[in-house]
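Here is the structure we will look at, set down as structure tokens.
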Amino acid sequence: MRNVKKARVIYNPTSGREAMKKALPDVLIRLEEAGFETSAHATTGEGCAKGAAALACEREFDIIIAAGGDGTVNEVVDGMATQEYRPKLGIIPMGTTNDFARAIQVPRDVEQAMDIILAGHSKKLDIGKVNGHHFMNIAGGGKITELTYEVPSKLKTALGQLAYYLKGVEMLPSIRPTHARIEYDGEVFEGDLMLFLVANTNSIGGFEKLAPHAEINDGYFDLLILKSTNIAEFIMIANKALKGNHIHDDHIIYTHAKKVSVQTEESVQLNLDGEYGGKLPGTFENLYQHIEFFMPEE
Ligand SMILES: Nc1ncnc2c1ncn2[C@@H]1O[C@H](COP(=O)(O)OP(=O)(O)OP(=O)(O)O)[C@@H](O)[C@H]1O
């Protein structure tokens, strides 16, 4: 009997104003027409996409398609990362934030995203791991990064990314530095910092130039440490960051690293791809070319 290839679509029915509910039949038809035996899994809440992705690996699907926002892609990657067999992964960006899709040049258009998957060009990309969780874009900590998930998700949906910034500005006066020790590939920073970021891509919620040298398949993170500043300096550096000019500032350490260990005296939350990711301490490891993604040919 002919060996038919199998595709599993894992989608968040609530993301992007429920857009996938309407798009799903066409997605399934296109996959079937391309020769895939296709099935779909609608997520029901937190952790669901992770479990579905792990199962699709165990059942040896040929491809997985994650349809949703960064949260859904993160869960799918997290579910796949610990599996021995990992199918190729396609993305249909549907969320409020689709930073990772943007990083790999997958447009927020179902037809075009499907064109990319069915064209079949794929690339093995790095992902990050910390304390047993995985991330594709960015991990970070420090009082400022704790802002992002204090924005209620309803507000996030209604106002999109603007909500992050409004909340950020409102919170600025309460941002304090944190004492930390960071070891990165044999070097050490010890001192007060406002935030640290461990970036895998340069696509970070509107700040496209925050980690301007980040390459997604080189086995390295971009590590960015913002040392202690006052509010005026902080705003000045944030403005520079919009253009990528912050990396030469005296308050910034910006370098490459494969492995980064962070310890803090006080309790600091971790942010993984924009969501709460547990607490420090943590050791960030770059998993070199760990997952193969469908993406446009360069
Ligand atoms: N059926 C569901 N109902 C409610 N929440 C869900 C459902 N399925 C998944 N989720 C939650 O949605 C999160 C991912 O959202 P995703 O990133 O795909 O979309 P989004 O539009 O960016 O979401 P948000 O507006 O919350 O940022 C998952 O981590 C999960 O907790």
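Numbering starts fresh at 1 for the residues of each chain in the structure tokens, the chains themselves are lettered A, B, ... in the order given, and ligands are numbered from 1 as they appear.
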Residues of stretch 178-248 of chain A in strand (DSSP E), written as an NGL selection string: :A and (178-184 or 187-199 or 221-227)
Export of prior selection with N, CA and C atoms as a PDB file, in the first residue's frame:
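Below is the file again.pdb, written as the result:
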ATOM      1  N   THR A 178      17.662  45.241  39.707  1.00  0.00           N
ATOM      2  CA  THR A 178      17.758  43.963  40.415  1.00  0.00           C
ATOM      3  C   THR A 178      19.232  43.566  40.460  1.00  0.00           C
ATOM      4  N   HIS A 179      19.690  43.066  41.613  1.00  0.00           N
ATOM      5  CA  HIS A 179      21.079  42.602  41.663  1.00  0.00           C
ATOM      6  C   HIS A 179      21.163  41.191  41.077  1.00  0.00           C
ATOM      7  N   ALA A 180      22.088  40.991  40.151  1.00  0.00           N
ATOM      8  CA  ALA A 180      22.158  39.695  39.469  1.00  0.00           C
ATOM      9  C   ALA A 180      23.596  39.290  39.188  1.00  0.00           C
ATOM     10  N   ARG A 181      23.779  37.981  39.047  1.00  0.00           N
ATOM     11  CA  ARG A 181      25.056  37.427  38.567  1.00  0.00           C
ATOM     12  C   ARG A 181      24.742  36.632  37.303  1.00  0.00           C
ATOM     13  N   ILE A 182      25.387  37.030  36.216  1.00  0.00           N
ATOM     14  CA  ILE A 182      25.130  36.369  34.934  1.00  0.00           C
ATOM     15  C   ILE A 182      26.438  35.795  34.398  1.00  0.00           C
ATOM     16  N   GLU A 183      26.442  34.493  34.201  1.00  0.00           N
ATOM     17  CA  GLU A 183      27.608  33.848  33.575  1.00  0.00           C
ATOM     18  C   GLU A 183      27.250  33.533  32.135  1.00  0.00           C
ATOM     19  N   TYR A 184      28.115  33.936  31.214  1.00  0.00           N
ATOM     20  CA  TYR A 184      27.817  33.668  29.803  1.00  0.00           C
ATOM     21  C   TYR A 184      29.086  33.230  29.088  1.00  0.00           C
ATOM     22  N   GLU A 187      32.303  34.114  30.771  1.00  0.00           N
ATOM     23  CA  GLU A 187      32.449  35.473  31.311  1.00  0.00           C
ATOM     24  C   GLU A 187      31.396  35.708  32.384  1.00  0.00           C
ATOM     25  N   VAL A 188      31.618  36.756  33.206  1.00  0.00           N
ATOM     26  CA  VAL A 188      30.689  37.007  34.306  1.00  0.00           C
ATOM     27  C   VAL A 188      30.332  38.485  34.372  1.00  0.00           C
ATOM     28  N   PHE A 189      29.023  38.763  34.523  1.00  0.00           N
ATOM     29  CA  PHE A 189      28.574  40.109  34.910  1.00  0.00           C
ATOM     30  C   PHE A 189      27.971  39.977  36.299  1.00  0.00           C
ATOM     31  N   GLU A 190      28.405  40.818  37.224  1.00  0.00           N
ATOM     32  CA  GLU A 190      27.736  40.838  38.519  1.00  0.00           C
ATOM     33  C   GLU A 190      27.467  42.285  38.877  1.00  0.00           C
ATOM     34  N   GLY A 191      26.191  42.608  39.117  1.00  0.00           N
ATOM     35  CA  GLY A 191      25.849  43.988  39.434  1.00  0.00           C
ATOM     36  C   GLY A 191      24.351  44.214  39.335  1.00  0.00           C
ATOM     37  N   ASP A 192      23.954  45.495  39.391  1.00  0.00           N
ATOM     38  CA  ASP A 192      22.538  45.831  39.299  1.00  0.00           C
ATOM     39  C   ASP A 192      22.137  45.968  37.836  1.00  0.00           C
ATOM     40  N   LEU A 193      20.990  45.400  37.506  1.00  0.00           N
ATOM     41  CA  LEU A 193      20.520  45.535  36.128  1.00  0.00           C
ATOM     42  C   LEU A 193      19.040  45.878  36.095  1.00  0.00           C
ATOM     43  N   MET A 194      18.632  46.499  34.992  1.00  0.00           N
ATOM     44  CA  MET A 194      17.212  46.786  34.782  1.00  0.00           C
ATOM     45  C   MET A 194      16.539  45.580  34.141  1.00  0.00           C
ATOM     46  N   LEU A 195      17.249  44.993  33.183  1.00  0.00           N
ATOM     47  CA  LEU A 195      16.708  43.800  32.533  1.00  0.00           C
ATOM     48  C   LEU A 195      17.826  43.068  31.812  1.00  0.00           C
ATOM     49  N   PHE A 196      17.588  41.800  31.581  1.00  0.00           N
ATOM     50  CA  PHE A 196      18.465  41.062  30.671  1.00  0.00           C
ATOM     51  C   PHE A 196      17.569  40.358  29.661  1.00  0.00           C
ATOM     52  N   LEU A 197      18.072  40.204  28.449  1.00  0.00           N
ATOM     53  CA  LEU A 197      17.317  39.517  27.400  1.00  0.00           C
ATOM     54  C   LEU A 197      18.215  38.465  26.763  1.00  0.00           C
ATOM     55  N   VAL A 198      17.648  37.305  26.540  1.00  0.00           N
ATOM     56  CA  VAL A 198      18.345  36.229  25.832  1.00  0.00           C
ATOM     57  C   VAL A 198      17.550  36.026  24.545  1.00  0.00           C
ATOM     58  N   ALA A 199      18.085  36.543  23.435  1.00  0.00           N
ATOM     59  CA  ALA A 199      17.301  36.607  22.196  1.00  0.00           C
ATOM     60  C   ALA A 199      17.762  35.564  21.191  1.00  0.00           C
ATOM     61  N   PHE A 221      22.756  32.673  21.193  1.00  0.00           N
ATOM     62  CA  PHE A 221      21.809  33.728  21.558  1.00  0.00           C
ATOM     63  C   PHE A 221      22.509  35.071  21.439  1.00  0.00           C
ATOM     64  N   ASP A 222      21.713  36.115  21.313  1.00  0.00           N
ATOM     65  CA  ASP A 222      22.204  37.459  21.591  1.00  0.00           C
ATOM     66  C   ASP A 222      21.840  37.745  23.041  1.00  0.00           C
ATOM     67  N   LEU A 223      22.842  38.063  23.852  1.00  0.00           N
ATOM     68  CA  LEU A 223      22.586  38.410  25.254  1.00  0.00           C
ATOM     69  C   LEU A 223      22.672  39.921  25.392  1.00  0.00           C
ATOM     70  N   LEU A 224      21.623  40.508  25.970  1.00  0.00           N
ATOM     71  CA  LEU A 224      21.610  41.950  26.184  1.00  0.00           C
ATOM     72  C   LEU A 224      21.337  42.220  27.667  1.00  0.00           C
ATOM     73  N   ILE A 225      22.257  42.953  28.290  1.00  0.00           N
ATOM     74  CA  ILE A 225      22.068  43.315  29.694  1.00  0.00           C
ATOM     75  C   ILE A 225      21.980  44.836  29.771  1.00  0.00           C
ATOM     76  N   LEU A 226      20.894  45.328  30.356  1.00  0.00           N
ATOM     77  CA  LEU A 226      20.781  46.776  30.604  1.00  0.00           C
ATOM     78  C   LEU A 226      21.083  46.996  32.079  1.00  0.00           C
ATOM     79  N   LYS A 227      22.223  47.648  32.333  1.00  0.00           N
ATOM     80  CA  LYS A 227      22.625  47.892  33.723  1.00  0.00           C
ATOM     81  C   LYS A 227      21.730  48.945  34.357  1.00  0.00           C
TER      82      LYS A 227
END
Please identify all protein, DNA and RNA residues within 6 Å of ligand 1, counting only C-alpha atoms and all ligand atoms, and report them as a PDB file with N, CA and C atoms, in the first residue's frame.
ATOM      1  N   ASN A  12      -5.511  27.249  17.612  1.00  0.00           N
ATOM      2  CA  ASN A  12      -6.205  27.904  18.724  1.00  0.00           C
ATOM      3  C   ASN A  12      -7.456  28.576  18.160  1.00  0.00           C
ATOM      4  N   PRO A  13      -8.646  28.018  18.458  1.00  0.00           N
ATOM      5  CA  PRO A  13      -9.859  28.548  17.829  1.00  0.00           C
ATOM      6  C   PRO A  13     -10.201  29.956  18.312  1.00  0.00           C
ATOM      7  N   THR A  14      -9.572  30.395  19.406  1.00  0.00           N
ATOM      8  CA  THR A  14      -9.923  31.717  19.937  1.00  0.00           C
ATOM      9  C   THR A  14      -8.982  32.822  19.453  1.00  0.00           C
ATOM     10  N   SER A  15      -7.824  32.464  18.915  1.00  0.00           N
ATOM     11  CA  SER A  15      -6.863  33.532  18.609  1.00  0.00           C
ATOM     12  C   SER A  15      -7.258  34.251  17.319  1.00  0.00           C
ATOM     13  N   GLY A  16      -6.842  35.518  17.246  1.00  0.00           N
ATOM     14  CA  GLY A  16      -7.127  36.335  16.062  1.00  0.00           C
ATOM     15  C   GLY A  16      -8.601  36.432  15.720  1.00  0.00           C
ATOM     16  N   THR A  43      -7.330  23.608  20.167  1.00  0.00           N
ATOM     17  CA  THR A  43      -6.885  23.689  21.556  1.00  0.00           C
ATOM     18  C   THR A  43      -8.028  24.204  22.430  1.00  0.00           C
ATOM     19  N   THR A  44      -7.968  23.808  23.707  1.00  0.00           N
ATOM     20  CA  THR A  44      -9.054  24.188  24.613  1.00  0.00           C
ATOM     21  C   THR A  44      -8.577  25.112  25.727  1.00  0.00           C
ATOM     22  N   GLY A  45      -7.280  25.309  25.853  1.00  0.00           N
ATOM     23  CA  GLY A  45      -6.765  26.157  26.925  1.00  0.00           C
ATOM     24  C   GLY A  45      -5.290  25.924  27.108  1.00  0.00           C
ATOM     25  N   GLU A  46      -4.749  26.468  28.177  1.00  0.00           N
ATOM     26  CA  GLU A  46      -3.314  26.419  28.414  1.00  0.00           C
ATOM     27  C   GLU A  46      -2.788  24.977  28.453  1.00  0.00           C
ATOM     28  N   GLY A  68      -2.089  29.981  15.179  1.00  0.00           N
ATOM     29  CA  GLY A  68      -2.415  30.779  16.359  1.00  0.00           C
ATOM     30  C   GLY A  68      -1.398  31.886  16.504  1.00  0.00           C
ATOM     31  N   GLY A  69      -1.266  32.402  17.699  1.00  0.00           N
ATOM     32  CA  GLY A  69      -0.279  33.444  17.957  1.00  0.00           C
ATOM     33  C   GLY A  69       1.007  32.854  18.511  1.00  0.00           C
ATOM     34  N   ASP A  70       1.893  33.716  18.984  1.00  0.00           N
ATOM     35  CA  ASP A  70       3.164  33.251  19.539  1.00  0.00           C
ATOM     36  C   ASP A  70       2.949  32.244  20.666  1.00  0.00           C
ATOM     37  N   GLY A  71       1.854  32.422  21.433  1.00  0.00           N
ATOM     38  CA  GLY A  71       1.572  31.515  22.547  1.00  0.00           C
ATOM     39  C   GLY A  71       1.364  30.094  22.057  1.00  0.00           C
ATOM     40  N   THR A  72       0.632  29.944  20.977  1.00  0.00           N
ATOM     41  CA  THR A  72       0.370  28.610  20.418  1.00  0.00           C
ATOM     42  C   THR A  72       1.650  28.019  19.831  1.00  0.00           C
ATOM     43  N   GLY A  95      -2.386  35.197  15.625  1.00  0.00           N
ATOM     44  CA  GLY A  95      -2.533  35.754  16.970  1.00  0.00           C
ATOM     45  C   GLY A  95      -2.493  37.266  17.031  1.00  0.00           C
ATOM     46  N   THR A  96      -2.567  37.755  18.255  1.00  0.00           N
ATOM     47  CA  THR A  96      -2.376  39.178  18.506  1.00  0.00           C
ATOM     48  C   THR A  96      -0.910  39.519  18.254  1.00  0.00           C
ATOM     49  N   THR A  97      -0.019  38.657  18.751  1.00  0.00           N
ATOM     50  CA  THR A  97       1.399  38.840  18.449  1.00  0.00           C
ATOM     51  C   THR A  97       1.901  37.613  17.704  1.00  0.00           C
ATOM     52  N   SER A 153      -5.357  40.040  29.341  1.00  0.00           N
ATOM     53  CA  SER A 153      -5.320  39.566  27.957  1.00  0.00           C
ATOM     54  C   SER A 153      -6.456  40.173  27.119  1.00  0.00           C
ATOM     55  N   LYS A 156      -5.075  43.240  25.851  1.00  0.00           N
ATOM     56  CA  LYS A 156      -4.093  42.935  24.808  1.00  0.00           C
ATOM     57  C   LYS A 156      -4.793  42.740  23.471  1.00  0.00           C
ATOM     58  N   THR A 157      -5.892  41.984  23.497  1.00  0.00           N
ATOM     59  CA  THR A 157      -6.589  41.681  22.251  1.00  0.00           C
ATOM     60  C   THR A 157      -7.175  42.950  21.665  1.00  0.00           C
TER      61      THR A 157
END
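Neighbours of A:Lys88 closer than or equal to 10 Å, with only C-alpha atoms counted and sequence neighbours fewer than 5 positions away skipped, come out as Ala7, Cys57, Phe61, Asp62, Ile63, Ile64, Ile65, Ile117, Gly120, Ser122, Lys123, Lys124, Ile291, Glu292, Phe293 and Phe294 of chain A.
Note that the spacing between atom CA of A:Ile10 and atom CA of A:His41 amounts to 4.8 Å.
Compared by their closest atoms to A:Leu118, and using only C-alpha atoms, the residues A:Arg86, A:Glu32, A:Ala101, A:Pro281 rank with A:Glu32 nearest.
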Residues of stretch 16-193 of chain A in alpha helix (DSSP H), written as a PyMOL selection string: chain A and resi 16-33+48-58+70-81+99-103+110-119+153-159+162-171
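Neighbours of A:Glu111 closer than or equal to 12 Å, with only C-alpha atoms counted and sequence neighbours fewer than 6 positions away skipped, come out as Met20, Ala23, Leu24, Asp26, Val27, Leu28, Ile29, Arg30, Leu31, Ile91, Ile92, Pro93, Ile117 and Leu118 of chain A.
Between A:Thr82 and the candidates A:Val260, A:Leu55, A:Val110, A:Ala139, the tightest atom-to-atom separation, counting only C-alpha atoms, involves A:Leu55.
If you look at atom CA of A:Gly277 and atom CA of A:Gln105, they are 25.7 Å away from each other.
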Distance criterion (only C-alpha atoms): nearest to A:Lys143 out of A:Ser261, A:Thr283, A:Asn271, A:Thr38: A:Asn271
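Closest approach to A:Gly132 among A:Asp115, A:Asn230, A:Glu297, A:Gly282: A:Gly282, based on only C-alpha atoms.
Using only C-alpha atoms, the shortest contact distance between A:Ile253 and any of A:Ala232, A:Ala211, A:Gly219, A:Gly142 is found at A:Ala211.
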